[in-house]
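Engineer: entry.pdb is reproduced in full below (PDB, C-alpha atoms and all ligand atoms).
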ATOM      1  CA  MET A 298     116.958 110.939 116.863
ATOM      2  CA  LYS A 299     114.078 111.875 119.171
ATOM      3  CA  ILE A 300     111.157 113.606 117.526
ATOM      4  CA  ILE A 301     107.816 114.962 118.747
ATOM      5  CA  MET A 302     104.870 115.492 116.396
ATOM      6  CA  LEU A 303     102.598 118.441 117.219
ATOM      7  CA  GLY A 304      99.377 119.549 115.563
ATOM      8  CA  VAL A 305      95.583 119.550 115.901
ATOM      9  CA  PRO A 306      93.836 116.168 115.959
ATOM     10  CA  GLY A 307      93.662 115.051 112.323
ATOM     11  CA  ALA A 308      96.593 117.203 111.151
ATOM     12  CA  GLY A 309      98.402 114.132 109.876
ATOM     13  CA  LYS A 310     100.777 113.478 112.790
ATOM     14  CA  GLY A 311     100.261 109.722 112.694
ATOM     15  CA  THR A 312     100.508 109.527 108.897
ATOM     16  CA  GLN A 313     103.846 111.381 108.922
ATOM     17  CA  ALA A 314     105.139 109.658 112.072
ATOM     18  CA  LYS A 315     104.785 106.249 110.387
ATOM     19  CA  MET A 316     106.758 107.471 107.357
ATOM     20  CA  ILE A 317     109.470 108.967 109.601
ATOM     21  CA  ALA A 318     109.665 105.715 111.583
ATOM     22  CA  ASP A 319     110.173 103.709 108.362
ATOM     23  CA  LYS A 320     112.805 106.000 106.887
ATOM     24  CA  TYR A 321     114.848 106.637 110.038
ATOM     25  CA  HIS A 322     114.375 103.177 111.616
ATOM     26  CA  VAL A 323     112.970 104.405 114.914
ATOM     27  CA  PRO A 324     109.763 103.224 116.606
ATOM     28  CA  HIS A 325     106.531 105.184 116.130
ATOM     29  CA  ILE A 326     104.964 105.667 119.547
ATOM     30  CA  SER A 327     101.356 106.833 119.658
ATOM     31  CA  THR A 328      99.756 107.179 123.098
ATOM     32  CA  GLY A 329      96.357 107.117 121.349
ATOM     33  CA  ASP A 330      97.225 103.735 119.770
ATOM     34  CA  ILE A 331      98.377 102.407 123.154
ATOM     35  CA  PHE A 332      95.080 103.480 124.741
ATOM     36  CA  ARG A 333      93.042 101.988 121.873
ATOM     37  CA  ALA A 334      94.916  98.678 122.153
ATOM     38  CA  ASN A 335      94.114  98.637 125.880
ATOM     39  CA  ILE A 336      90.442  99.382 125.207
ATOM     40  CA  LYS A 337      90.317  96.556 122.665
ATOM     41  CA  ASN A 338      91.894  94.144 125.166
ATOM     42  CA  GLY A 339      89.543  95.257 127.950
ATOM     43  CA  THR A 340      92.318  96.216 130.383
ATOM     44  CA  GLU A 341      91.718  98.408 133.428
ATOM     45  CA  LEU A 342      93.819 101.169 131.842
ATOM     46  CA  GLY A 343      91.708 100.913 128.679
ATOM     47  CA  MET A 344      88.426 101.184 130.576
ATOM     48  CA  GLU A 345      89.665 104.240 132.459
ATOM     49  CA  ALA A 346      91.039 105.943 129.309
ATOM     50  CA  LYS A 347      87.845 105.283 127.322
ATOM     51  CA  LYS A 348      85.789 107.455 129.693
ATOM     52  CA  TYR A 349      87.826 110.481 128.616
ATOM     53  CA  MET A 350      88.505 109.567 124.994
ATOM     54  CA  ASP A 351      84.817 109.106 124.121
ATOM     55  CA  GLN A 352      84.163 112.681 125.229
ATOM     56  CA  GLY A 353      87.132 114.094 123.329
ATOM     57  CA  LEU A 354      88.890 114.908 126.618
ATOM     58  CA  LEU A 355      92.497 114.208 127.517
ATOM     59  CA  VAL A 356      93.296 111.171 129.610
ATOM     60  CA  PRO A 357      94.754 112.441 132.944
ATOM     61  CA  ASP A 358      98.496 113.142 132.952
ATOM     62  CA  GLU A 359      99.245 110.586 135.726
ATOM     63  CA  LEU A 360      98.031 107.694 133.561
ATOM     64  CA  THR A 361      99.470 108.962 130.298
ATOM     65  CA  VAL A 362     102.934 109.853 131.558
ATOM     66  CA  LYS A 363     103.432 106.456 133.131
ATOM     67  CA  ILE A 364     102.614 104.479 129.981
ATOM     68  CA  LEU A 365     104.832 106.773 127.891
ATOM     69  CA  LEU A 366     107.839 106.565 130.221
ATOM     70  CA  ASP A 367     107.503 102.765 130.366
ATOM     71  CA  ARG A 368     107.364 102.622 126.586
ATOM     72  CA  VAL A 369     110.417 104.813 125.886
ATOM     73  CA  ALA A 370     112.460 102.779 128.399
ATOM     74  CA  LYS A 371     112.215  99.729 126.112
ATOM     75  CA  ASN A 372     115.286  98.539 124.196
ATOM     76  CA  ASP A 373     113.958  99.466 120.750
ATOM     77  CA  CYS A 374     114.062 103.158 121.802
ATOM     78  CA  GLU A 375     117.841 103.206 122.248
ATOM     79  CA  ASN A 376     118.421 105.063 118.977
ATOM     80  CA  GLY A 377     115.427 107.339 119.315
ATOM     81  CA  TYR A 378     111.708 107.437 118.549
ATOM     82  CA  VAL A 379     108.965 109.516 117.037
ATOM     83  CA  LEU A 380     106.242 110.495 119.511
ATOM     84  CA  ASP A 381     102.763 111.015 118.073
ATOM     85  CA  GLY A 382     100.147 112.481 120.418
ATOM     86  CA  PHE A 383     102.521 112.958 123.340
ATOM     87  CA  PRO A 384     103.086 115.379 124.989
ATOM     88  CA  ARG A 385      99.676 117.034 124.912
ATOM     89  CA  THR A 386     100.064 119.251 128.002
ATOM     90  CA  ILE A 387     102.894 121.355 129.441
ATOM     91  CA  PRO A 388     103.197 119.087 132.524
ATOM     92  CA  GLN A 389     103.609 116.049 130.199
ATOM     93  CA  ALA A 390     106.366 117.889 128.290
ATOM     94  CA  GLU A 391     108.106 118.814 131.534
ATOM     95  CA  VAL A 392     108.058 115.227 132.820
ATOM     96  CA  LEU A 393     109.521 113.998 129.530
ATOM     97  CA  ASP A 394     112.272 116.660 129.568
ATOM     98  CA  LYS A 395     113.148 115.771 133.141
ATOM     99  CA  ALA A 396     113.299 112.036 132.425
ATOM    100  CA  LEU A 397     115.566 112.709 129.424
ATOM    101  CA  ALA A 398     117.791 115.155 131.346
ATOM    102  CA  GLU A 399     118.390 112.445 133.941
ATOM    103  CA  ILE A 400     120.058 110.361 131.234
ATOM    104  CA  ASN A 401     121.804 113.399 129.662
ATOM    105  CA  ASP A 402     119.477 113.367 126.708
ATOM    106  CA  LYS A 403     116.934 115.665 125.021
ATOM    107  CA  ILE A 404     114.342 115.923 122.236
ATOM    108  CA  ASP A 405     115.940 116.894 118.898
ATOM    109  CA  PHE A 406     112.942 118.217 116.943
ATOM    110  CA  ALA A 407     109.313 119.165 117.580
ATOM    111  CA  ILE A 408     107.558 119.068 114.195
ATOM    112  CA  ASN A 409     104.368 121.122 114.064
ATOM    113  CA  VAL A 410     102.066 119.854 111.300
ATOM    114  CA  ASP A 411     100.029 122.991 110.676
ATOM    115  CA  VAL A 412      96.413 122.579 109.478
ATOM    116  CA  PRO A 413      93.610 125.106 110.154
ATOM    117  CA  ASP A 414      90.567 123.906 112.146
ATOM    118  CA  GLU A 415      88.307 124.428 109.089
ATOM    119  CA  ASN A 416      90.023 121.563 107.244
ATOM    120  CA  ILE A 417      89.844 119.178 110.157
ATOM    121  CA  ILE A 418      86.165 118.284 110.482
ATOM    122  CA  ARG A 419      86.190 117.059 106.848
ATOM    123  CA  ARG A 420      89.382 115.054 107.351
ATOM    124  CA  MET A 421      88.243 113.368 110.538
ATOM    125  CA  GLY A 422      84.902 112.305 109.085
ATOM    126  CA  GLY A 423      86.829 110.562 106.295
ATOM    127  CA  ARG A 424      89.455 108.936 108.501
ATOM    128  CA  ARG A 425      89.221 105.157 108.743
ATOM    129  CA  ALA A 426      91.326 103.335 111.307
ATOM    130  CA  CYS A 427      92.433  99.762 111.728
ATOM    131  CA  LEU A 428      92.134  99.009 115.436
ATOM    132  CA  SER A 429      94.179  95.873 114.900
ATOM    133  CA  CYS A 430      97.463  97.271 113.509
ATOM    134  CA  GLY A 431      97.006 101.042 113.901
ATOM    135  CA  ALA A 432      97.073 101.885 110.150
ATOM    136  CA  THR A 433      94.993 104.894 109.077
ATOM    137  CA  TYR A 434      93.374 105.763 105.769
ATOM    138  CA  HIS A 435      91.156 108.476 104.363
ATOM    139  CA  VAL A 436      88.141 107.599 102.220
ATOM    140  CA  GLU A 437      89.048 110.276  99.626
ATOM    141  CA  HIS A 438      92.725 111.184 100.069
ATOM    142  CA  ILE A 439      94.346 107.905 101.137
ATOM    143  CA  PRO A 440      91.857 105.088 100.410
ATOM    144  CA  PRO A 441      92.644 101.424 101.142
ATOM    145  CA  LYS A 442      92.892  99.108  98.127
ATOM    146  CA  LYS A 443      89.668  97.368  99.135
ATOM    147  CA  GLU A 444      86.952  99.520 100.717
ATOM    148  CA  GLY A 445      86.662  99.023 104.473
ATOM    149  CA  ILE A 446      89.594  96.582 104.700
ATOM    150  CA  CYS A 447      93.114  97.298 106.026
ATOM    151  CA  ASP A 448      95.821  96.896 103.318
ATOM    152  CA  ALA A 449      98.380  95.956 105.971
ATOM    153  CA  CYS A 450      96.568  93.266 107.972
ATOM    154  CA  GLY A 451      93.240  92.529 106.238
ATOM    155  CA  LYS A 452      91.084  93.495 109.239
ATOM    156  CA  GLU A 453      87.996  95.703 109.102
ATOM    157  CA  LEU A 454      88.408  99.515 109.117
ATOM    158  CA  VAL A 455      86.249 101.670 111.392
ATOM    159  CA  LEU A 456      85.288 105.298 111.954
ATOM    160  CA  ARG A 457      86.700 105.932 115.442
ATOM    161  CA  ASP A 458      84.047 106.902 118.016
ATOM    162  CA  ASP A 459      85.980 110.078 118.767
ATOM    163  CA  ASP A 460      86.095 111.034 115.054
ATOM    164  CA  LYS A 461      82.331 111.584 114.978
ATOM    165  CA  PRO A 462      81.535 115.266 114.289
ATOM    166  CA  GLU A 463      80.010 115.860 117.744
ATOM    167  CA  THR A 464      83.312 114.886 119.417
ATOM    168  CA  VAL A 465      85.736 116.479 116.940
ATOM    169  CA  GLY A 466      84.660 120.022 117.975
ATOM    170  CA  ASN A 467      85.477 119.191 121.601
ATOM    171  CA  ARG A 468      88.857 117.752 120.669
ATOM    172  CA  LEU A 469      89.751 120.947 118.789
ATOM    173  CA  ASP A 470      88.778 123.076 121.829
ATOM    174  CA  VAL A 471      90.846 120.826 124.102
ATOM    175  CA  TYR A 472      93.784 121.124 121.686
ATOM    176  CA  HIS A 473      93.704 124.933 121.672
ATOM    177  CA  LYS A 474      93.422 125.184 125.461
ATOM    178  CA  GLN A 475      95.784 122.420 126.616
ATOM    179  CA  THR A 476      98.119 121.430 123.771
ATOM    180  CA  GLN A 477      98.740 124.565 121.699
ATOM    181  CA  PRO A 478     100.893 126.130 124.475
ATOM    182  CA  LEU A 479     103.480 123.459 123.593
ATOM    183  CA  ILE A 480     104.204 125.359 120.360
ATOM    184  CA  ASP A 481     105.662 128.243 122.395
ATOM    185  CA  PHE A 482     107.296 125.800 124.818
ATOM    186  CA  TYR A 483     109.339 124.092 122.064
ATOM    187  CA  ASN A 484     109.877 127.320 120.123
ATOM    188  CA  ALA A 485     111.568 128.784 123.205
ATOM    189  CA  LYS A 486     113.913 125.780 123.205
ATOM    190  CA  GLY A 487     114.794 126.440 119.541
ATOM    191  CA  ILE A 488     113.657 123.012 118.281
ATOM    192  CA  LEU A 489     110.219 123.854 116.821
ATOM    193  CA  LYS A 490     109.860 123.327 113.048
ATOM    194  CA  THR A 491     106.558 124.029 111.316
ATOM    195  CA  VAL A 492     105.416 122.366 108.071
ATOM    196  CA  ASP A 493     102.299 123.062 105.986
ATOM    197  CA  GLY A 494     100.046 120.078 106.748
ATOM    198  CA  THR A 495      97.452 121.040 104.127
ATOM    199  CA  ALA A 496      99.796 119.896 101.335
ATOM    200  CA  ASP A 497      99.732 116.408  99.818
ATOM    201  CA  MET A 498     101.095 113.854 102.308
ATOM    202  CA  LYS A 499     104.188 113.188 100.141
ATOM    203  CA  ASP A 500     105.017 116.907 100.053
ATOM    204  CA  VAL A 501     104.520 117.196 103.820
ATOM    205  CA  PHE A 502     106.935 114.296 104.237
ATOM    206  CA  ALA A 503     109.504 115.878 101.897
ATOM    207  CA  ALA A 504     109.384 119.053 104.009
ATOM    208  CA  ILE A 505     109.952 116.995 107.163
ATOM    209  CA  VAL A 506     112.866 115.077 105.622
ATOM    210  CA  SER A 507     114.531 118.344 104.644
ATOM    211  CA  ILE A 508     114.348 119.386 108.320
ATOM    212  CA  LEU A 509     115.539 116.085 109.780
ATOM    213  CA  GLY A 510     118.277 115.643 107.193
TER     214      GLY A 510
HETATM  215  P1  LIG A 601      96.567 112.758 113.484
HETATM  216  O1  LIG A 601      97.500 111.624 113.818
HETATM  217  O2  LIG A 601      97.250 114.100 113.504
HETATM  218  O3  LIG A 601      95.312 112.757 114.299
HETATM  219  P2  LIG A 601      96.182 111.311 110.944
HETATM  220  O4  LIG A 601      97.585 111.062 110.490
HETATM  221  O5  LIG A 601      95.421 110.138 111.468
HETATM  222  O6  LIG A 601      96.117 112.552 111.968
HETATM  223  O7  LIG A 601      95.400 111.960 109.710
HETATM  224  C1  LIG A 601      94.006 112.340 109.813
HETATM  225  C2  LIG A 601      93.271 111.960 108.523
HETATM  226  O8  LIG A 601      93.738 112.771 107.434
HETATM  227  C3  LIG A 601      93.513 110.494 108.115
HETATM  228  O9  LIG A 601      92.319 109.994 107.548
HETATM  229  C4  LIG A 601      94.646 110.608 107.087
HETATM  230  O10 LIG A 601      94.601 109.519 106.177
HETATM  231  C5  LIG A 601      94.344 111.960 106.416
HETATM  232  N1  LIG A 601      95.548 112.676 106.004
HETATM  233  C6  LIG A 601      96.772 112.669 106.597
HETATM  234  N2  LIG A 601      97.643 113.481 105.944
HETATM  235  C7  LIG A 601      96.935 114.042 104.922
HETATM  236  C8  LIG A 601      97.250 115.004 103.904
HETATM  237  N3  LIG A 601      98.472 115.562 103.815
HETATM  238  N4  LIG A 601      96.250 115.352 103.045
HETATM  239  C9  LIG A 601      95.024 114.811 103.162
HETATM  240  N5  LIG A 601      94.650 113.908 104.084
HETATM  241  C10 LIG A 601      95.588 113.535 104.974
HETATM  242  P1  LIG A 602      95.028 110.336 119.153
HETATM  243  O1  LIG A 602      95.011 108.944 118.634
HETATM  244  O2  LIG A 602      96.427 110.885 119.350
HETATM  245  O3  LIG A 602      94.139 111.271 118.373
HETATM  246  O4  LIG A 602      94.425 110.255 120.645
HETATM  247  C1  LIG A 602      93.089 109.851 120.876
HETATM  248  C2  LIG A 602      92.676 110.218 122.301
HETATM  249  O5  LIG A 602      93.516 109.517 123.249
HETATM  250  C3  LIG A 602      92.796 111.688 122.669
HETATM  251  O6  LIG A 602      91.682 112.459 122.259
HETATM  252  C4  LIG A 602      92.925 111.586 124.201
HETATM  253  O7  LIG A 602      91.644 111.333 124.809
HETATM  254  C5  LIG A 602      93.758 110.333 124.397
HETATM  255  N1  LIG A 602      95.213 110.675 124.413
HETATM  256  C6  LIG A 602      96.164 110.285 123.513
HETATM  257  N2  LIG A 602      97.367 110.778 123.840
HETATM  258  C7  LIG A 602      97.186 111.511 124.990
HETATM  259  C8  LIG A 602      98.033 112.299 125.817
HETATM  260  N3  LIG A 602      99.343 112.455 125.546
HETATM  261  N4  LIG A 602      97.476 112.901 126.907
HETATM  262  C9  LIG A 602      96.182 112.749 127.206
HETATM  263  N5  LIG A 602      95.315 112.051 126.463
HETATM  264  C10 LIG A 602      95.805 111.433 125.360
END
Can the structure from this file be put into structure tokens for me?

Structural biologist:
Amino acid sequence: MKIIMLGVPGAGKGTQAKMIADKYHVPHISTGDIFRANIKNGTELGMEAKKYMDQGLLVPDELTVKILLDRVAKNDCENGYVLDGFPRTIPQAEVLDKALAEINDKIDFAINVDVPDENIIRRMGGRRACLSCGATYHVEHIPPKKEGICDACGKELVLRDDDKPETVGNRLDVYHKQTQPLIDFYNAKGILKTVDGTADMKDVFAAIVSILG
């Protein structure tokens, strides 16, 4: 099963993608997590990506597409995957479709986690991320057991630089200009499914499970 998660930054794509990955035994692939891991390790790719990420801009398609295609070619992707944060532009979606068509394959579902912009600024300010294992929490809605510490790996949680209010506005603008057109793109292919992302995370997940079967 090959699934794409769509939605504004902070809609809950990562939260739901992790739950889907657990239930359906497919890897959760987040291009944002891959970039953050590269930044943490000081790689050339990380240093290049950081220039864009800190401003709330998209990393150029050439860089992003390559890391994604390399990742989905790995053995653990044989039975599918859930993509979180990719594609974010029409050209990215087209490259992915083409690469899949070459192996007689296609995306099964594009899940749009729908949350209005008004809700997002509050959510992002409360998001806490573990840069070590990629887990995310929310100070009010999904708190860790011990404040500031990751339940999964015990490392320190941080407010991502790009979750600061001054950057979140930019990321929403970028989403509406560059990523939102993907809603029509996948709708035209008949695989778009929209869920109400303002509901409790368990209810959002139940709605997704009823779509995926
Ligand atoms: P995205 O991957 O779309 O950027 P995340 O999954 O990281 O979004 O979620 C953004 C923030 O909102 C996180 O702090 C997360 O814990 C919280 N969150 C996710 N789903 C819900 C929900 N249904 N209700 C309230 N908060 C949520
Ligand atoms: P995310 O963790 O998905 O919120 O992504 C964080 C940041 O990484 C984004 O704001 C972009 O700067 C960059 N990024 C992640 N995925 C992509 C992508 N598919 N295309 C371009 N930039 C991306």

Engineer: A:Asp411, A:Asp381, A:Glu444, A:Asp458: which is nearest A:Asp351, counting only C-alpha atoms?

Structural biologist: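 Smallest separation from A:Asp351 among the options: A:Asp458.
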
Engineer: With all atoms listed in the file as the counted atoms, please give the residues lying no more than 10 Å from A:Tyr321, apart from itself and same-chain residues fewer than 2 positions off, as a list in words.

Structural biologist: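 Here the answer would be Met298, Met316, Ile317, Ala318, Asp319, Val323, Pro324, Asn376, Gly377, Tyr378, Val379, Val506 and Leu509 of chain A.
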
Engineer: Throw together the list of residues within 6 Å of ligand LIG 601 (chain A), counting all atoms listed in the file, and drop it here as a ChimeraX atom specification.

Structural biologist: /A:306-312,420-421,423-425,433-435,438-439,494-498

Engineer: Extract, using only C-alpha atoms, all DNA, RNA and protein residues at most 10 Å from A:Ala426, discarding same-chain residues fewer than 5 positions from it, and format them as a JSON list (two decimals) with C-alpha atoms, keeping the file's coordinate frame.

Structural biologist:
[["chain", "number", "residue", "atom", "x", "y", "z"],
["A", 431, "GLY", "CA", 97.01, 101.04, 113.90],
["A", 432, "ALA", "CA", 97.07, 101.88, 110.15],
["A", 433, "THR", "CA", 94.99, 104.89, 109.08],
["A", 434, "TYR", "CA", 93.37, 105.76, 105.77],
["A", 435, "HIS", "CA", 91.16, 108.48, 104.36],
["A", 445, "GLY", "CA", 86.66, 99.02, 104.47],
["A", 446, "ILE", "CA", 89.59, 96.58, 104.70],
["A", 447, "CYS", "CA", 93.11, 97.30, 106.03],
["A", 453, "GLU", "CA", 88.00, 95.70, 109.10],
["A", 454, "LEU", "CA", 88.41, 99.52, 109.12],
["A", 455, "VAL", "CA", 86.25, 101.67, 111.39],
["A", 456, "LEU", "CA", 85.29, 105.30, 111.95],
["A", 457, "ARG", "CA", 86.70, 105.93, 115.44]]

Engineer: Under the rule that all atoms listed in the file are counted, which of A:Lys395, A:Lys499, A:Lys490, A:Arg385 is the nearest residue to A:Val471?

Structural biologist: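 When distances to A:Val471 are compared using all atoms listed in the file, the smallest one comes from A:Arg385.
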
Engineer: Rounded to one decimal, what separation in Å do you get between atom O4 of ligand LIG 602 (chain A) and atom CA of A:Val369?

Structural biologist: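 These two atoms are separated by 17.7 Å.
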
Engineer: Counting only C-alpha atoms and all ligand atoms, what are the residues, protein, DNA or RNA alike, that approach ligand LIG 602 (chain A) to within 7 Å? I want them as a PyMOL selection string.

Structural biologist: chain A and resi 306+327-330+332+349-350+353-358+361+381-386+468

Engineer: Kindly resolve the PyMOL selection byres (((chain A and resi 342) around 12) and not hetatm) on the present coordinates and return the residues as an mmCIF file with C-alpha atoms, in the coordinates of the input.

Structural biologist:
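Output saved as selection.cif:
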data_model
loop_
_atom_site.group_PDB
_atom_site.id
_atom_site.type_symbol
_atom_site.label_atom_id
_atom_site.label_comp_id
_atom_site.auth_asym_id
_atom_site.auth_seq_id
_atom_site.Cartn_x
_atom_site.Cartn_y
_atom_site.Cartn_z
ATOM 1 C CA ILE A 331 98.377 102.407 123.154
ATOM 2 C CA PHE A 332 95.080 103.480 124.741
ATOM 3 C CA ARG A 333 93.042 101.988 121.873
ATOM 4 C CA ALA A 334 94.916 98.678 122.153
ATOM 5 C CA ASN A 335 94.114 98.637 125.880
ATOM 6 C CA ILE A 336 90.442 99.382 125.207
ATOM 7 C CA LYS A 337 90.317 96.556 122.665
ATOM 8 C CA ASN A 338 91.894 94.144 125.166
ATOM 9 C CA GLY A 339 89.543 95.257 127.950
ATOM 10 C CA THR A 340 92.318 96.216 130.383
ATOM 11 C CA GLU A 341 91.718 98.408 133.428
ATOM 12 C CA GLY A 343 91.708 100.913 128.679
ATOM 13 C CA MET A 344 88.426 101.184 130.576
ATOM 14 C CA GLU A 345 89.665 104.240 132.459
ATOM 15 C CA ALA A 346 91.039 105.943 129.309
ATOM 16 C CA LYS A 347 87.845 105.283 127.322
ATOM 17 C CA LYS A 348 85.789 107.455 129.693
ATOM 18 C CA TYR A 349 87.826 110.481 128.616
ATOM 19 C CA VAL A 356 93.296 111.171 129.610
ATOM 20 C CA PRO A 357 94.754 112.441 132.944
ATOM 21 C CA GLU A 359 99.245 110.586 135.726
ATOM 22 C CA LEU A 360 98.031 107.694 133.561
ATOM 23 C CA THR A 361 99.470 108.962 130.298
ATOM 24 C CA LYS A 363 103.432 106.456 133.131
ATOM 25 C CA ILE A 364 102.614 104.479 129.981
#

Engineer: Do you know which residues the PyMOL selection byres (((chain A and resi 470) around 12) and not hetatm) returns on this file, as a tab-separated table (two decimals) with C-alpha atoms, keeping the file's coordinate frame?

Structural biologist:
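Okay, this is what ended up in out_20.tsv:
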chain	number	residue	atom	x	y	z
A	305	VAL	CA	95.58	119.55	115.90
A	306	PRO	CA	93.84	116.17	115.96
A	352	GLN	CA	84.16	112.68	125.23
A	353	GLY	CA	87.13	114.09	123.33
A	354	LEU	CA	88.89	114.91	126.62
A	355	LEU	CA	92.50	114.21	127.52
A	414	ASP	CA	90.57	123.91	112.15
A	464	THR	CA	83.31	114.89	119.42
A	465	VAL	CA	85.74	116.48	116.94
A	466	GLY	CA	84.66	120.02	117.98
A	467	ASN	CA	85.48	119.19	121.60
A	468	ARG	CA	88.86	117.75	120.67
A	469	LEU	CA	89.75	120.95	118.79
A	471	VAL	CA	90.85	120.83	124.10
A	472	TYR	CA	93.78	121.12	121.69
A	473	HIS	CA	93.70	124.93	121.67
A	474	LYS	CA	93.42	125.18	125.46
A	475	GLN	CA	95.78	122.42	126.62
A	476	THR	CA	98.12	121.43	123.77
A	477	GLN	CA	98.74	124.56	121.70

Engineer: Because the input lacks atoms here, generate N, CA, C and O atoms for stretch 410-425 of chain A and report them as a PDB file, in the coordinates of the input.

Structural biologist:
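The resulting file, part.pdb, is shown below:
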ATOM      1  N   VAL A 410     102.777 120.062 112.577  1.00  0.00           N
ATOM      2  CA  VAL A 410     102.066 119.854 111.300  1.00  0.00           C
ATOM      3  C   VAL A 410     100.857 120.794 111.324  1.00  0.00           C
ATOM      4  O   VAL A 410      99.873 120.557 112.023  1.00  0.00           O
ATOM      5  N   ASP A 411     100.981 121.890 110.554  1.00  0.00           N
ATOM      6  CA  ASP A 411     100.029 122.991 110.676  1.00  0.00           C
ATOM      7  C   ASP A 411      98.840 122.827 109.718  1.00  0.00           C
ATOM      8  O   ASP A 411      99.022 122.836 108.494  1.00  0.00           O
ATOM      9  N   VAL A 412      97.650 122.677 110.287  1.00  0.00           N
ATOM     10  CA  VAL A 412      96.413 122.579 109.478  1.00  0.00           C
ATOM     11  C   VAL A 412      95.335 123.391 110.202  1.00  0.00           C
ATOM     12  O   VAL A 412      95.116 123.189 111.402  1.00  0.00           O
ATOM     13  N   PRO A 413      94.655 124.323 109.481  1.00  0.00           N
ATOM     14  CA  PRO A 413      93.610 125.106 110.154  1.00  0.00           C
ATOM     15  C   PRO A 413      92.418 124.234 110.571  1.00  0.00           C
ATOM     16  O   PRO A 413      92.127 123.226 109.917  1.00  0.00           O
ATOM     17  N   ASP A 414      91.721 124.671 111.632  1.00  0.00           N
ATOM     18  CA  ASP A 414      90.567 123.906 112.146  1.00  0.00           C
ATOM     19  C   ASP A 414      89.534 123.618 111.042  1.00  0.00           C
ATOM     20  O   ASP A 414      88.918 122.548 111.048  1.00  0.00           O
ATOM     21  N   GLU A 415      89.346 124.584 110.124  1.00  0.00           N
ATOM     22  CA  GLU A 415      88.307 124.428 109.089  1.00  0.00           C
ATOM     23  C   GLU A 415      88.498 123.133 108.295  1.00  0.00           C
ATOM     24  O   GLU A 415      87.542 122.512 107.864  1.00  0.00           O
ATOM     25  N   ASN A 416      89.756 122.756 108.062  1.00  0.00           N
ATOM     26  CA  ASN A 416      90.023 121.563 107.244  1.00  0.00           C
ATOM     27  C   ASN A 416      89.788 120.262 108.019  1.00  0.00           C
ATOM     28  O   ASN A 416      89.673 119.195 107.422  1.00  0.00           O
ATOM     29  N   ILE A 417      89.752 120.389 109.341  1.00  0.00           N
ATOM     30  CA  ILE A 417      89.844 119.178 110.157  1.00  0.00           C
ATOM     31  C   ILE A 417      88.559 118.352 110.199  1.00  0.00           C
ATOM     32  O   ILE A 417      88.599 117.131 110.072  1.00  0.00           O
ATOM     33  N   ILE A 418      87.426 119.027 110.329  1.00  0.00           N
ATOM     34  CA  ILE A 418      86.165 118.284 110.482  1.00  0.00           C
ATOM     35  C   ILE A 418      85.994 117.343 109.286  1.00  0.00           C
ATOM     36  O   ILE A 418      85.633 116.178 109.422  1.00  0.00           O
ATOM     37  N   ARG A 419      86.327 117.858 108.070  1.00  0.00           N
ATOM     38  CA  ARG A 419      86.190 117.059 106.848  1.00  0.00           C
ATOM     39  C   ARG A 419      87.151 115.853 106.886  1.00  0.00           C
ATOM     40  O   ARG A 419      86.789 114.730 106.592  1.00  0.00           O
ATOM     41  N   ARG A 420      88.382 116.126 107.309  1.00  0.00           N
ATOM     42  CA  ARG A 420      89.382 115.054 107.351  1.00  0.00           C
ATOM     43  C   ARG A 420      89.012 113.947 108.327  1.00  0.00           C
ATOM     44  O   ARG A 420      89.164 112.774 108.044  1.00  0.00           O
ATOM     45  N   MET A 421      88.526 114.370 109.497  1.00  0.00           N
ATOM     46  CA  MET A 421      88.243 113.368 110.538  1.00  0.00           C
ATOM     47  C   MET A 421      87.069 112.496 110.153  1.00  0.00           C
ATOM     48  O   MET A 421      87.057 111.301 110.450  1.00  0.00           O
ATOM     49  N   GLY A 422      86.066 113.094 109.500  1.00  0.00           N
ATOM     50  CA  GLY A 422      84.902 112.305 109.085  1.00  0.00           C
ATOM     51  C   GLY A 422      85.302 111.232 108.085  1.00  0.00           C
ATOM     52  O   GLY A 422      84.658 110.185 107.977  1.00  0.00           O
ATOM     53  N   GLY A 423      86.387 111.513 107.328  1.00  0.00           N
ATOM     54  CA  GLY A 423      86.829 110.562 106.295  1.00  0.00           C
ATOM     55  C   GLY A 423      87.899 109.601 106.790  1.00  0.00           C
ATOM     56  O   GLY A 423      88.303 108.693 106.072  1.00  0.00           O
ATOM     57  N   ARG A 424      88.386 109.815 108.005  1.00  0.00           N
ATOM     58  CA  ARG A 424      89.455 108.936 108.501  1.00  0.00           C
ATOM     59  C   ARG A 424      88.883 107.554 108.800  1.00  0.00           C
ATOM     60  O   ARG A 424      87.819 107.418 109.390  1.00  0.00           O
ATOM     61  N   ARG A 425      89.594 106.534 108.390  1.00  0.00           N
ATOM     62  CA  ARG A 425      89.221 105.157 108.743  1.00  0.00           C
ATOM     63  C   ARG A 425      90.437 104.528 109.399  1.00  0.00           C
ATOM     64  O   ARG A 425      91.566 104.667 108.906  1.00  0.00           O
TER      65      ARG A 425
END
